[in-house]
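Asks: So here's upload.cif (mmCIF, C-alpha atoms and all ligand atoms).
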data_coords
#
loop_
_atom_site.label_atom_id
_atom_site.label_comp_id
_atom_site.auth_asym_id
_atom_site.auth_seq_id
_atom_site.Cartn_x
_atom_site.Cartn_y
_atom_site.Cartn_z
CA MET A 1020 223.47 -7.04 110.81
CA GLN A 1021 220.40 -5.85 112.74
CA LYS A 1022 220.84 -2.63 114.73
CA PHE A 1023 218.57 -1.53 117.51
CA GLU A 1024 217.73 2.12 117.04
CA ILE A 1025 217.26 4.46 119.99
CA VAL A 1026 213.96 6.15 119.19
CA ALA A 1027 213.62 8.16 122.42
CA ARG A 1028 215.91 9.31 125.20
CA GLU A 1029 215.14 11.10 128.43
CA ASP A 1030 217.57 12.24 131.11
CA PHE A 1031 216.11 12.13 134.62
CA SER A 1032 219.24 13.41 136.40
CA ASP A 1033 223.00 13.74 135.89
CA VAL A 1034 223.33 9.97 136.21
CA THR A 1035 219.98 8.42 135.29
CA TYR A 1036 218.72 8.18 131.72
CA LEU A 1037 216.06 6.35 129.74
CA LEU A 1038 216.48 4.75 126.33
CA GLU A 1039 213.57 3.56 124.24
CA VAL A 1040 214.91 1.01 121.78
CA LEU A 1041 213.30 -0.30 118.60
CA HIS A 1042 213.18 -4.10 118.85
CA PRO A 1043 209.78 -5.51 117.79
CA ALA A 1044 210.61 -9.16 118.57
CA MET A 1045 211.80 -8.28 122.08
CA ALA A 1046 208.79 -6.05 122.71
CA LYS A 1047 206.51 -8.91 121.67
CA ALA A 1048 208.22 -11.48 123.91
CA ALA A 1049 209.05 -9.39 127.01
CA GLN A 1050 207.35 -10.18 130.32
CA PRO A 1051 207.55 -8.34 133.67
CA GLY A 1052 210.75 -9.15 135.58
CA GLN A 1053 212.84 -10.04 132.53
CA PHE A 1054 216.05 -8.42 131.39
CA VAL A 1055 218.23 -8.03 128.31
CA ILE A 1056 221.98 -8.15 127.83
CA VAL A 1057 223.15 -5.14 125.88
CA MET A 1058 226.30 -4.36 123.91
CA SER A 1059 226.37 -0.73 122.90
CA HIS A 1060 229.13 -1.22 120.30
CA PRO A 1061 231.09 -4.18 118.85
CA GLU A 1062 233.92 -3.87 121.38
CA GLY A 1063 231.62 -3.06 124.27
CA GLU A 1064 230.99 -4.95 127.48
CA ARG A 1065 227.80 -7.02 127.70
CA ILE A 1066 225.71 -5.60 130.54
CA PRO A 1067 222.39 -6.83 131.95
CA LEU A 1068 219.56 -4.28 132.06
CA THR A 1069 215.96 -4.82 133.14
CA ILE A 1070 213.19 -4.30 130.60
CA ALA A 1071 211.50 -1.43 132.43
CA ASP A 1072 208.68 -1.19 129.90
CA TYR A 1073 207.67 -2.52 126.51
CA ASP A 1074 205.24 -1.32 123.88
CA ARG A 1075 204.17 -4.19 121.67
CA ALA A 1076 202.32 -1.89 119.23
CA LYS A 1077 205.32 0.41 118.71
CA GLY A 1078 207.78 -2.50 118.87
CA THR A 1079 209.97 -0.85 121.49
CA ILE A 1080 211.47 -1.71 124.86
CA THR A 1081 212.46 0.83 127.52
CA LEU A 1082 215.66 0.70 129.56
CA VAL A 1083 216.36 2.99 132.51
CA ILE A 1084 220.05 3.16 133.28
CA GLN A 1085 222.20 4.57 136.05
CA ALA A 1086 225.69 5.65 135.01
CA VAL A 1087 227.87 3.91 137.61
CA GLY A 1088 230.98 2.81 135.72
CA LYS A 1089 232.76 2.61 132.40
CA THR A 1090 230.06 1.05 130.22
CA THR A 1091 227.02 2.85 131.62
CA ARG A 1092 228.88 6.19 131.43
CA GLU A 1093 230.00 5.46 127.88
CA MET A 1094 226.38 4.68 126.95
CA GLN A 1095 225.23 7.87 128.68
CA ARG A 1096 227.54 9.81 126.36
CA ASP A 1097 227.04 7.85 123.13
CA CYS A 1098 223.48 6.50 123.12
CA VAL A 1099 221.83 9.55 121.63
CA LEU A 1100 218.54 9.73 119.76
CA GLY A 1101 218.87 8.08 116.34
CA SER A 1102 221.96 6.05 117.25
CA SER A 1103 221.77 2.27 117.64
CA LEU A 1104 222.76 -0.39 120.14
CA TYR A 1105 225.00 -3.06 118.65
CA GLY A 1106 223.47 -6.04 120.45
CA VAL A 1107 220.39 -6.71 122.56
CA THR A 1108 219.94 -10.31 123.74
CA GLY A 1109 216.89 -11.61 125.56
CA PRO A 1110 214.40 -11.56 127.02
CA MET A 1111 216.29 -13.30 129.81
CA GLY A 1112 215.34 -14.57 133.24
CA ILE A 1113 212.17 -16.15 134.54
CA PRO A 1114 209.20 -13.76 134.22
CA SER A 1115 207.84 -12.56 137.56
CA HIS A 1116 205.06 -14.76 138.88
CA ILE A 1117 201.92 -12.64 138.90
CA GLY A 1118 199.81 -14.77 141.19
CA GLU A 1119 196.39 -14.55 142.74
CA ALA A 1120 197.36 -11.89 145.29
CA LYS A 1121 194.55 -9.41 145.95
CA LYS A 1122 196.64 -6.73 147.66
CA VAL A 1123 200.26 -6.17 146.65
CA VAL A 1124 202.86 -3.61 147.68
CA CYS A 1125 205.43 -2.76 144.96
CA VAL A 1126 208.49 -1.01 146.37
CA GLY A 1127 211.10 0.74 144.18
CA GLY A 1128 214.21 2.24 145.69
CA GLY A 1129 215.82 4.88 143.42
CA LEU A 1130 216.40 3.34 140.00
CA GLY A 1131 214.37 0.31 141.23
CA VAL A 1132 211.18 2.24 140.45
CA ALA A 1133 211.72 1.44 136.75
CA PRO A 1134 212.14 -2.37 136.99
CA VAL A 1135 209.29 -2.71 139.52
CA PHE A 1136 206.89 -0.80 137.23
CA PRO A 1137 206.00 -3.71 134.86
CA GLN A 1138 205.15 -5.89 137.88
CA ALA A 1139 202.96 -3.20 139.44
CA ARG A 1140 201.14 -2.79 136.12
CA ALA A 1141 200.70 -6.57 135.72
CA TYR A 1142 199.24 -6.83 139.24
CA LYS A 1143 196.91 -3.92 138.51
CA GLU A 1144 195.78 -5.62 135.30
CA SER A 1145 195.17 -8.84 137.25
CA GLY A 1146 192.68 -6.94 139.43
CA ALA A 1147 194.85 -6.61 142.54
CA TYR A 1148 194.85 -3.52 144.79
CA VAL A 1149 198.35 -2.10 144.29
CA ILE A 1150 200.16 0.02 146.84
CA GLY A 1151 203.29 1.64 145.40
CA ILE A 1152 206.16 2.81 147.57
CA VAL A 1153 208.97 4.81 145.97
CA GLY A 1154 212.09 6.06 147.69
CA PHE A 1155 214.65 8.63 146.56
CA ARG A 1156 217.39 10.65 148.24
CA SER A 1157 215.55 13.86 147.35
CA LYS A 1158 212.67 15.23 145.28
CA GLU A 1159 214.96 16.30 142.40
CA LEU A 1160 215.95 12.67 141.75
CA MET A 1161 212.38 11.40 141.45
CA PHE A 1162 211.12 10.08 138.11
CA TRP A 1163 208.08 8.19 136.79
CA GLN A 1164 205.95 9.37 139.70
CA ASP A 1165 202.96 9.87 137.34
CA LYS A 1166 203.58 6.73 135.30
CA PHE A 1167 204.07 4.54 138.37
CA GLY A 1168 201.28 6.30 140.29
CA ALA A 1169 198.86 5.59 137.43
CA VAL A 1170 199.06 1.82 138.06
CA CYS A 1171 198.81 2.15 141.85
CA ASP A 1172 195.69 2.52 144.00
CA GLN A 1173 197.82 4.23 146.64
CA LEU A 1174 201.27 5.76 146.24
CA ILE A 1175 203.60 6.38 149.18
CA VAL A 1176 206.59 8.61 148.44
CA CYS A 1177 209.65 8.61 150.72
CA THR A 1178 212.69 10.86 150.49
CA ASP A 1179 215.80 10.73 152.66
CA ASP A 1180 215.79 14.52 153.09
CA GLY A 1181 212.02 14.95 153.43
CA SER A 1182 211.77 17.14 150.31
CA ALA A 1183 208.75 15.05 149.19
CA GLY A 1184 206.45 12.63 151.01
CA ILE A 1185 207.58 10.87 154.17
CA LYS A 1186 211.04 11.81 155.44
CA GLY A 1187 212.91 8.54 155.63
CA MET A 1188 213.72 5.40 153.72
CA VAL A 1189 211.26 3.07 151.98
CA THR A 1190 211.08 0.99 155.15
CA ALA A 1191 209.15 3.93 156.66
CA GLY A 1192 206.68 3.57 153.79
CA ILE A 1193 206.46 -0.18 154.42
CA LYS A 1194 205.63 0.47 158.09
CA LYS A 1195 202.89 2.90 157.02
CA ALA A 1196 201.42 0.37 154.55
CA LEU A 1197 201.48 -2.37 157.22
CA ARG A 1198 199.78 -0.03 159.74
CA GLU A 1199 197.02 0.92 157.28
CA HIS A 1200 196.41 -2.49 155.67
CA ASP A 1201 196.17 -5.78 157.54
CA ASP A 1202 195.40 -7.81 154.40
CA ILE A 1203 198.57 -7.41 152.30
CA ASP A 1204 199.31 -10.64 150.41
CA GLU A 1205 202.69 -9.84 148.92
CA PHE A 1206 205.55 -7.35 148.68
CA VAL A 1207 207.68 -6.91 145.54
CA VAL A 1208 210.88 -4.99 146.24
CA ILE A 1209 213.53 -3.78 143.78
CA GLY A 1210 216.49 -1.55 144.55
CA PRO A 1211 220.05 -1.69 145.86
CA PRO A 1212 220.83 -4.93 147.78
CA VAL A 1213 221.09 -3.14 151.14
CA MET A 1214 217.63 -1.63 150.62
CA MET A 1215 216.10 -4.98 149.60
CA LYS A 1216 217.68 -6.55 152.68
CA GLY A 1217 216.14 -3.86 154.93
CA CYS A 1218 212.71 -4.33 153.33
CA ALA A 1219 212.85 -8.12 153.69
CA GLU A 1220 213.69 -7.67 157.37
CA ALA A 1221 210.77 -5.22 157.76
CA THR A 1222 208.26 -7.78 156.42
CA ARG A 1223 209.78 -10.96 157.92
CA ALA A 1224 208.00 -10.76 161.28
CA HIS A 1225 204.68 -10.23 159.47
CA LYS A 1226 205.29 -13.43 157.46
CA ILE A 1227 204.20 -11.75 154.23
CA LYS A 1228 205.72 -13.10 151.00
CA THR A 1229 208.42 -10.67 149.84
CA MET A 1230 209.95 -11.06 146.38
CA VAL A 1231 213.16 -9.26 145.43
CA SER A 1232 215.03 -8.97 142.12
CA LEU A 1233 218.75 -9.71 142.46
CA ASN A 1234 221.49 -7.99 140.47
CA PRO A 1235 224.70 -10.01 140.88
CA LEU A 1236 227.51 -9.72 138.32
CA MET A 1237 226.48 -11.49 135.13
CA VAL A 1238 228.59 -12.64 132.21
CA ASP A 1239 226.82 -14.94 129.77
CA GLY A 1240 223.32 -14.78 131.24
CA THR A 1241 222.67 -18.40 130.29
CA GLY A 1242 223.61 -20.34 133.44
CA MET A 1243 227.01 -21.43 132.05
CA CYS A 1244 229.65 -19.27 133.76
CA GLY A 1245 228.56 -19.25 137.40
CA GLY A 1246 229.25 -15.52 137.71
CA CYS A 1247 225.78 -14.70 139.01
CA ARG A 1248 225.82 -17.33 141.79
CA VAL A 1249 223.60 -16.38 144.73
CA LYS A 1250 222.69 -18.18 147.95
CA ILE A 1251 218.98 -18.75 148.51
CA GLY A 1252 217.92 -20.64 151.63
CA GLY A 1253 221.40 -22.19 151.81
CA GLU A 1254 221.21 -23.43 148.21
CA VAL A 1255 223.26 -22.09 145.30
CA LYS A 1256 221.20 -20.60 142.47
CA PHE A 1257 222.11 -18.72 139.30
CA ALA A 1258 220.23 -15.44 139.12
CA CYS A 1259 220.22 -15.35 135.30
CA VAL A 1260 218.33 -18.61 134.84
CA ASP A 1261 216.78 -19.33 138.27
CA GLY A 1262 215.83 -15.68 138.86
CA PRO A 1263 216.35 -12.77 138.97
CA ASP A 1264 213.29 -12.85 141.33
CA PHE A 1265 213.73 -14.72 144.61
CA ASP A 1266 212.07 -14.97 148.02
CA GLY A 1267 213.67 -12.09 149.93
CA HIS A 1268 213.37 -13.90 153.25
CA LEU A 1269 215.68 -16.64 151.95
CA VAL A 1270 218.33 -14.50 150.20
CA ASP A 1271 221.82 -14.28 151.68
CA PHE A 1272 222.23 -10.54 151.03
CA ASP A 1273 225.59 -10.31 152.77
CA ASP A 1274 227.05 -12.87 150.37
CA LEU A 1275 225.53 -10.96 147.41
CA MET A 1276 227.03 -7.67 148.58
CA THR A 1277 230.45 -9.24 149.13
CA ARG A 1278 230.40 -10.77 145.65
CA LEU A 1279 229.35 -7.45 144.09
CA ARG A 1280 232.46 -5.83 145.57
CA ARG A 1281 234.88 -8.42 144.15
CA PHE A 1282 236.03 -6.32 141.20
CA THR A 1283 235.83 -2.84 142.68
CA GLU A 1284 239.50 -2.14 141.91
CA GLN A 1285 239.25 -3.33 138.29
CA GLU A 1286 235.98 -1.37 137.81
CA LYS A 1287 237.63 1.77 139.18
CA ASN A 1288 240.61 1.31 136.86
CA ALA A 1289 238.39 0.69 133.84
CA ALA A 1290 236.36 3.86 134.56
CA GLN A 1291 239.54 5.88 135.05
CA ARG A 1292 241.16 4.60 131.86
CA TRP A 1293 237.95 5.34 129.97
CA SER A 1294 237.84 8.91 131.35
CA GLU A 1295 241.46 9.39 130.30
CA SER A 1296 240.74 8.02 126.83
CA CYS A 1297 237.84 10.51 126.55
CA ARG A 1298 240.22 13.36 127.26
CA MET A 1299 242.67 11.94 124.69
CA ALA A 1300 239.86 11.75 122.16
CA THR A 1301 240.32 15.46 121.46
CA ALA A 1302 243.76 14.58 120.03
CA PRO A 1303 243.94 13.51 116.31
CA ALA A 1304 242.40 10.04 115.84
CA ARG A 1305 244.78 7.06 115.62
CA PRO A 1306 244.26 3.32 116.34
CA ARG A 1307 244.44 2.38 120.05
CA THR A 1308 247.64 0.65 121.15
CA GLU A 1309 247.26 -2.65 123.01
CA GLU A 1310 247.83 -0.90 126.37
CA GLU A 1311 245.09 1.64 125.65
CA VAL A 1312 242.36 -0.92 124.99
CA LEU A 1313 240.11 -0.98 128.05
CA PRO A 1314 240.08 -4.28 129.94
CA ASP A 1315 237.04 -6.47 129.41
CA PRO A 1316 235.57 -7.06 132.89
CA PHE A 1317 234.06 -10.32 131.66
CA ASP A 1318 237.49 -11.93 131.44
CA GLU A 1319 237.92 -11.22 135.12
CA VAL A 1320 234.42 -12.29 136.12
CA GLN A 1321 234.53 -15.59 134.25
CA GLY A 1322 234.43 -18.61 136.53
CA GLY A 1323 232.85 -16.63 139.35
C1 LIG B 1 219.40 -8.76 136.11
C2 LIG B 1 220.05 -7.40 136.20
C3 LIG B 1 219.31 -6.29 135.82
C4 LIG B 1 219.89 -5.02 135.89
N1 LIG B 1 219.14 -3.97 135.49
C5 LIG B 1 219.66 -2.74 135.49
C6 LIG B 1 218.90 -1.62 135.02
O1 LIG B 1 217.75 -1.76 134.61
N2 LIG B 1 219.50 -0.41 135.05
C7 LIG B 1 220.79 -0.23 135.49
O2 LIG B 1 221.27 0.90 135.49
N3 LIG B 1 221.53 -1.26 135.94
C8 LIG B 1 221.00 -2.51 135.95
N4 LIG B 1 221.76 -3.58 136.37
C9 LIG B 1 223.16 -3.34 136.79
C10 LIG B 1 224.04 -3.08 135.57
O3 LIG B 1 224.16 -4.25 134.83
C11 LIG B 1 225.42 -2.61 136.05
O4 LIG B 1 225.27 -1.37 136.68
C12 LIG B 1 226.39 -2.46 134.87
O5 LIG B 1 226.76 -3.72 134.40
C13 LIG B 1 227.60 -1.68 135.34
O6 LIG B 1 228.57 -1.63 134.30
P1 LIG B 1 229.64 -0.44 134.26
O7 LIG B 1 230.75 -0.85 133.36
O8 LIG B 1 228.99 0.83 133.94
O9 LIG B 1 230.13 -0.31 135.74
P2 LIG B 1 231.23 -1.13 136.52
O10 LIG B 1 232.24 -0.18 137.00
O11 LIG B 1 231.68 -2.31 135.70
O12 LIG B 1 230.41 -1.67 137.73
C14 LIG B 1 229.75 -0.82 138.63
C15 LIG B 1 228.92 -1.73 139.53
O13 LIG B 1 227.91 -2.37 138.73
C16 LIG B 1 227.83 -3.76 139.04
N5 LIG B 1 228.19 -4.56 137.83
C17 LIG B 1 229.31 -4.48 137.10
N6 LIG B 1 229.33 -5.35 136.07
C18 LIG B 1 228.16 -6.02 136.14
C19 LIG B 1 227.59 -7.07 135.37
N7 LIG B 1 228.20 -7.61 134.31
N8 LIG B 1 226.40 -7.55 135.75
C20 LIG B 1 225.76 -6.99 136.79
N9 LIG B 1 226.24 -5.98 137.57
C21 LIG B 1 227.43 -5.52 137.26
C22 LIG B 1 228.78 -3.99 140.17
O14 LIG B 1 228.07 -3.93 141.38
C23 LIG B 1 229.74 -2.85 140.14
O15 LIG B 1 230.21 -2.52 141.40
C24 LIG B 1 221.23 -4.86 136.34
C25 LIG B 1 221.96 -5.97 136.74
C26 LIG B 1 221.38 -7.23 136.67
C27 LIG B 1 222.16 -8.43 137.08
S1 LIG B 2 225.57 -14.95 134.19
FE1 LIG B 2 224.42 -16.44 135.24
S2 LIG B 2 225.61 -18.23 135.08
FE2 LIG B 2 226.70 -16.77 133.91
#
Could I get this structure in the form of structure tokens?
Replies:
Amino acid sequence: MQKFEIVAREDFSDVTYLLEVLHPAMAKAAQPGQFVIVMSHPEGERIPLTIADYDRAKGTITLVIQAVGKTTREMQRDCVLGSSLYGVTGPMGIPSHIGEAKKVVCVGGGLGVAPVFPQARAYKESGAYVIGIVGFRSKELMFWQDKFGAVCDQLIVCTDDGSAGIKGMVTAGIKKALREHDDIDEFVVIGPPVMMKGCAEATRAHKIKTMVSLNPLMVDGTGMCGGCRVKIGGEVKFACVDGPDFDGHLVDFDDLMTRLRRFTEQEKNAAQRWSESCRMATAPARPRTEEEVLPDPFDEVQGG
């Protein structure tokens, strides 16, 4: 069976890490805005991750991951240089539409800097003037400033604590861009739902197209299970096959945030049981009993 070797790893902070994965077919097919579904080991959960970069010549794709729960923490521990991912499915989702826009603002909040990068680069390659806005809690958490900055004509940095750039959230950067440029054709915003909601509100009155990339819970990633249901302009869409990019002015963000919180208790329990099993791992190895096997969140998500 094919394995997908991790050929590079970089840790940006205690919780954010980059994996460069050997997968020539995926690197050849990947387009900005698409994602993969990854299984790190045969018993692992399938999790969606955006293709943050791809190198067709090297045959690699890059994933930037935030350790938030059981699977992403397990991967943070186990996905070391030279190890392999068990399964990588994709590329999934509709590629971002890189249109005729002449001036585009690409906004990345925290981890969102990574998934917005391929779109910023594609716009730059299309000849557009690209304004990048990145937002982090503080300077220490910043990553890819050079890489992202290299595809931008102007880069606006925002930090919550003012340790770099403008003190404030990315919406402060959006206000600055709107003040300085009266010919912006489009915004592309990726980050936590509450941040994308705030950005969509900041651009609404200006009637400037604002695309966001949604991250609802996903199970199969093929439009079959309904887990990734989102409301767009009052219509139900499935983010895995109809998105993940949508018009931010039409997204029901409150519904998205409510749905993302549906399994908080189960996620907390899974993370706790995993932490306990890590501590037990120092004991002599023996097969897991049925009670010790971590729950598969997909069973609970199925049916949406
Ligand atoms: C299209 C898409 C692209 C994504 N790209 C990235 C990325 O590039 N980097 C990254 O770090 N994260 C990305 N995510 C989110 C990532 O999939 C979740 O953080 C991961 O599944 C959490 O798993 P966990 O077991 O570590 O945490 P859990 O404890 O299971 O969950 C923590 C939180 O992650 C979210 N989540 C949980 N399960 C899923 C799931 N199956 N699908 C989506 N979200 C889930 C929930 O909001 C939950 O509250 C993406 C999600 C989607 C839908
Ligand atoms: S993950 Fe989209 S329909 Fe199942």
Asks: Check the smallest atom-to-atom distance from each of A:Met1111, A:Ile1080, A:Val1034, A:Leu1275 to Gln1053 in chain A using only C-alpha atoms, then report the winner.
Replies: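 Counting only C-alpha atoms, the residue closest to Gln1053 in chain A is A:Met1111.
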Asks: To one decimal place in Å, what is the distance between CA of Gln1050 in chain A and atom C9 of ligand LIG 1 (chain B)?
Replies: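 It comes out at 18.4 Å.
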Asks: Leaving out Ile1152 in chain A and any residue of its chain fewer than 5 positions from it, which residues lie within 9 Å of it when counting only C-alpha atoms, given as an MDAnalysis selection string?
Replies: chainID A and resid 1124:1128 1132 1173:1177 1189 1192:1193 1196
Asks: Could you tell me, counting only C-alpha atoms and all ligand atoms, which protein and nucleic acid residues lie no more than 7 Å from ligand LIG 1 (chain B), written as an MDAnalysis selection string?
Replies: chainID A and resid 1054 1065:1071 1082:1092 1130 1134 1233:1238 1259 1263 1279:1280 1282:1283 1286:1287 1289:1290 1316:1317
Asks: Counting all atoms listed in the file, which residues in chain A sit no more than 6 Å from ligand LIG 2 (chain B)? For each one, give the nearest pair of atoms and the distance in Å, sorted by chain then residue number, as a Markdown table.
Replies:
| residue | atom | partner | partner_atom | distance |
| --- | --- | --- | --- | --- |
| A:Met1237 | CA | B:LIG2 | S1 | 3.7 |
| A:Val1238 | CA | B:LIG2 | S1 | 4.3 |
| A:Asp1239 | CA | B:LIG2 | FE2 | 4.5 |
| A:Gly1240 | CA | B:LIG2 | S1 | 3.7 |
| A:Thr1241 | CA | B:LIG2 | FE1 | 5.6 |
| A:Gly1242 | CA | B:LIG2 | S2 | 3.3 |
| A:Met1243 | CA | B:LIG2 | S2 | 4.6 |
| A:Cys1244 | CA | B:LIG2 | FE2 | 3.9 |
| A:Gly1245 | CA | B:LIG2 | S2 | 3.9 |
| A:Gly1246 | CA | B:LIG2 | FE2 | 4.7 |
| A:Cys1247 | CA | B:LIG2 | FE1 | 4.4 |
| A:Phe1257 | CA | B:LIG2 | FE1 | 5.2 |
| A:Ala1258 | CA | B:LIG2 | FE1 | 5.8 |
| A:Cys1259 | CA | B:LIG2 | FE1 | 4.3 |
Asks: So which one's closest to Phe1167 in chain A, A:His1225, A:Lys1216, A:Lys1143, A:Arg1281? Using all atoms listed in the file, please.
Replies: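 With all atoms listed in the file as the atom set, the closest residue is A:Lys1143.
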Asks: What is the distance between CA of Ser1102 in chain A and CA of Gly1210 in chain A, in Å to one decimal?
Replies: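 About the pair CA of Ser1102 in chain A and CA of Gly1210 in chain A: they are 28.9 Å apart.
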Asks: For Val1123 in chain A, work out the shell of residues within 7 Å, counting all atoms listed in the file and skipping chain neighbours fewer than 6 positions away, then give it as a list of chain:residue names.
Replies: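 The residues satisfying every condition are A:Ala1147, A:Tyr1148, A:Val1149, A:Ile1150, A:Ile1203, A:Asp1204, A:Glu1205, A:Phe1206.
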Asks: Using only C-alpha atoms, which of A:Ile1227, A:Asp1030, A:Pro1211, A:Gly1151 sits nearest Lys1195 in chain A?
Replies: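 The shortest atom-to-atom distance to Lys1195 in chain A comes from A:Gly1151.
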Asks: When you look at range 1180-1185 of chain A with a cut-off of 7 Å (counting all atoms listed in the file), what residues show up, excluding the ones that are within fewer than 2 positions of it in the same chain? I need them as a PyMOL selection string.
Replies: chain A and resi 1156-1158+1176-1178+1187
Asks: Hey, what's within 9 Å of Asp1202 in chain A if we count all atoms listed in the file and toss same-chain stuff fewer than 2 positions away? As a PyMOL selection string, please?
Replies: chain A and resi 1121-1122+1197+1200+1204
Asks: Within 10 Å of Asp1261 in chain A, counting all atoms listed in the file, which residues qualify if same-chain residues fewer than 6 places away don't, as a CSV table (one decimal) with C-alpha atoms, in the frame of the given file?
Replies:
chain,number,residue,atom,x,y,z
A,1112,GLY,CA,215.3,-14.6,133.2
A,1113,ILE,CA,212.2,-16.2,134.5
A,1241,THR,CA,222.7,-18.4,130.3
A,1242,GLY,CA,223.6,-20.3,133.4
A,1248,ARG,CA,225.8,-17.3,141.8
A,1249,VAL,CA,223.6,-16.4,144.7
A,1255,VAL,CA,223.3,-22.1,145.3
Asks: Identify which of the residues A:Glu1119, A:Glu1029, A:Glu1144, A:Asp1271 lies closest to Glu1254 in chain A, counting only C-alpha atoms when measuring atom-to-atom distances.
Replies: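 For Glu1254 in chain A, the nearest of the given residues is A:Asp1271.
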Asks: Would you fill the gaps in range 1085-1098 of chain A so it has N, CA and C atoms, then print it as a compact mmCIF listing (two decimals), in the frame of the given file?
Replies:
# COMPACT_ATOMS: atom_id res chain seq x y z
N GLN A 1085 221.44 3.68 135.17
CA GLN A 1085 222.20 4.57 136.05
C GLN A 1085 223.67 4.48 135.66
N ALA A 1086 224.28 5.62 135.40
CA ALA A 1086 225.69 5.65 135.01
C ALA A 1086 226.55 5.44 136.25
N VAL A 1087 227.09 4.22 136.40
CA VAL A 1087 227.87 3.91 137.61
C VAL A 1087 229.31 3.58 137.29
N GLY A 1088 229.62 3.22 136.05
CA GLY A 1088 230.98 2.81 135.72
C GLY A 1088 231.26 3.02 134.25
N LYS A 1089 232.28 2.35 133.77
CA LYS A 1089 232.76 2.61 132.40
C LYS A 1089 231.67 2.47 131.34
N THR A 1090 230.99 1.31 131.33
CA THR A 1090 230.06 1.05 130.22
C THR A 1090 228.81 1.93 130.30
N THR A 1091 228.25 2.06 131.50
CA THR A 1091 227.02 2.85 131.62
C THR A 1091 227.30 4.35 131.41
N ARG A 1092 228.53 4.78 131.71
CA ARG A 1092 228.88 6.19 131.43
C ARG A 1092 229.12 6.39 129.94
N GLU A 1093 229.77 5.39 129.33
CA GLU A 1093 230.00 5.46 127.88
C GLU A 1093 228.67 5.51 127.13
N MET A 1094 227.71 4.68 127.59
CA MET A 1094 226.38 4.68 126.95
C MET A 1094 225.67 6.01 127.18
N GLN A 1095 225.87 6.57 128.38
CA GLN A 1095 225.23 7.87 128.68
C GLN A 1095 225.71 8.92 127.67
N ARG A 1096 226.99 8.83 127.31
CA ARG A 1096 227.54 9.81 126.36
C ARG A 1096 227.12 9.50 124.92
N ASP A 1097 227.16 8.20 124.55
CA ASP A 1097 227.04 7.85 123.13
C ASP A 1097 225.64 7.47 122.65
N CYS A 1098 224.79 7.01 123.56
CA CYS A 1098 223.48 6.50 123.12
C CYS A 1098 222.50 7.66 122.95
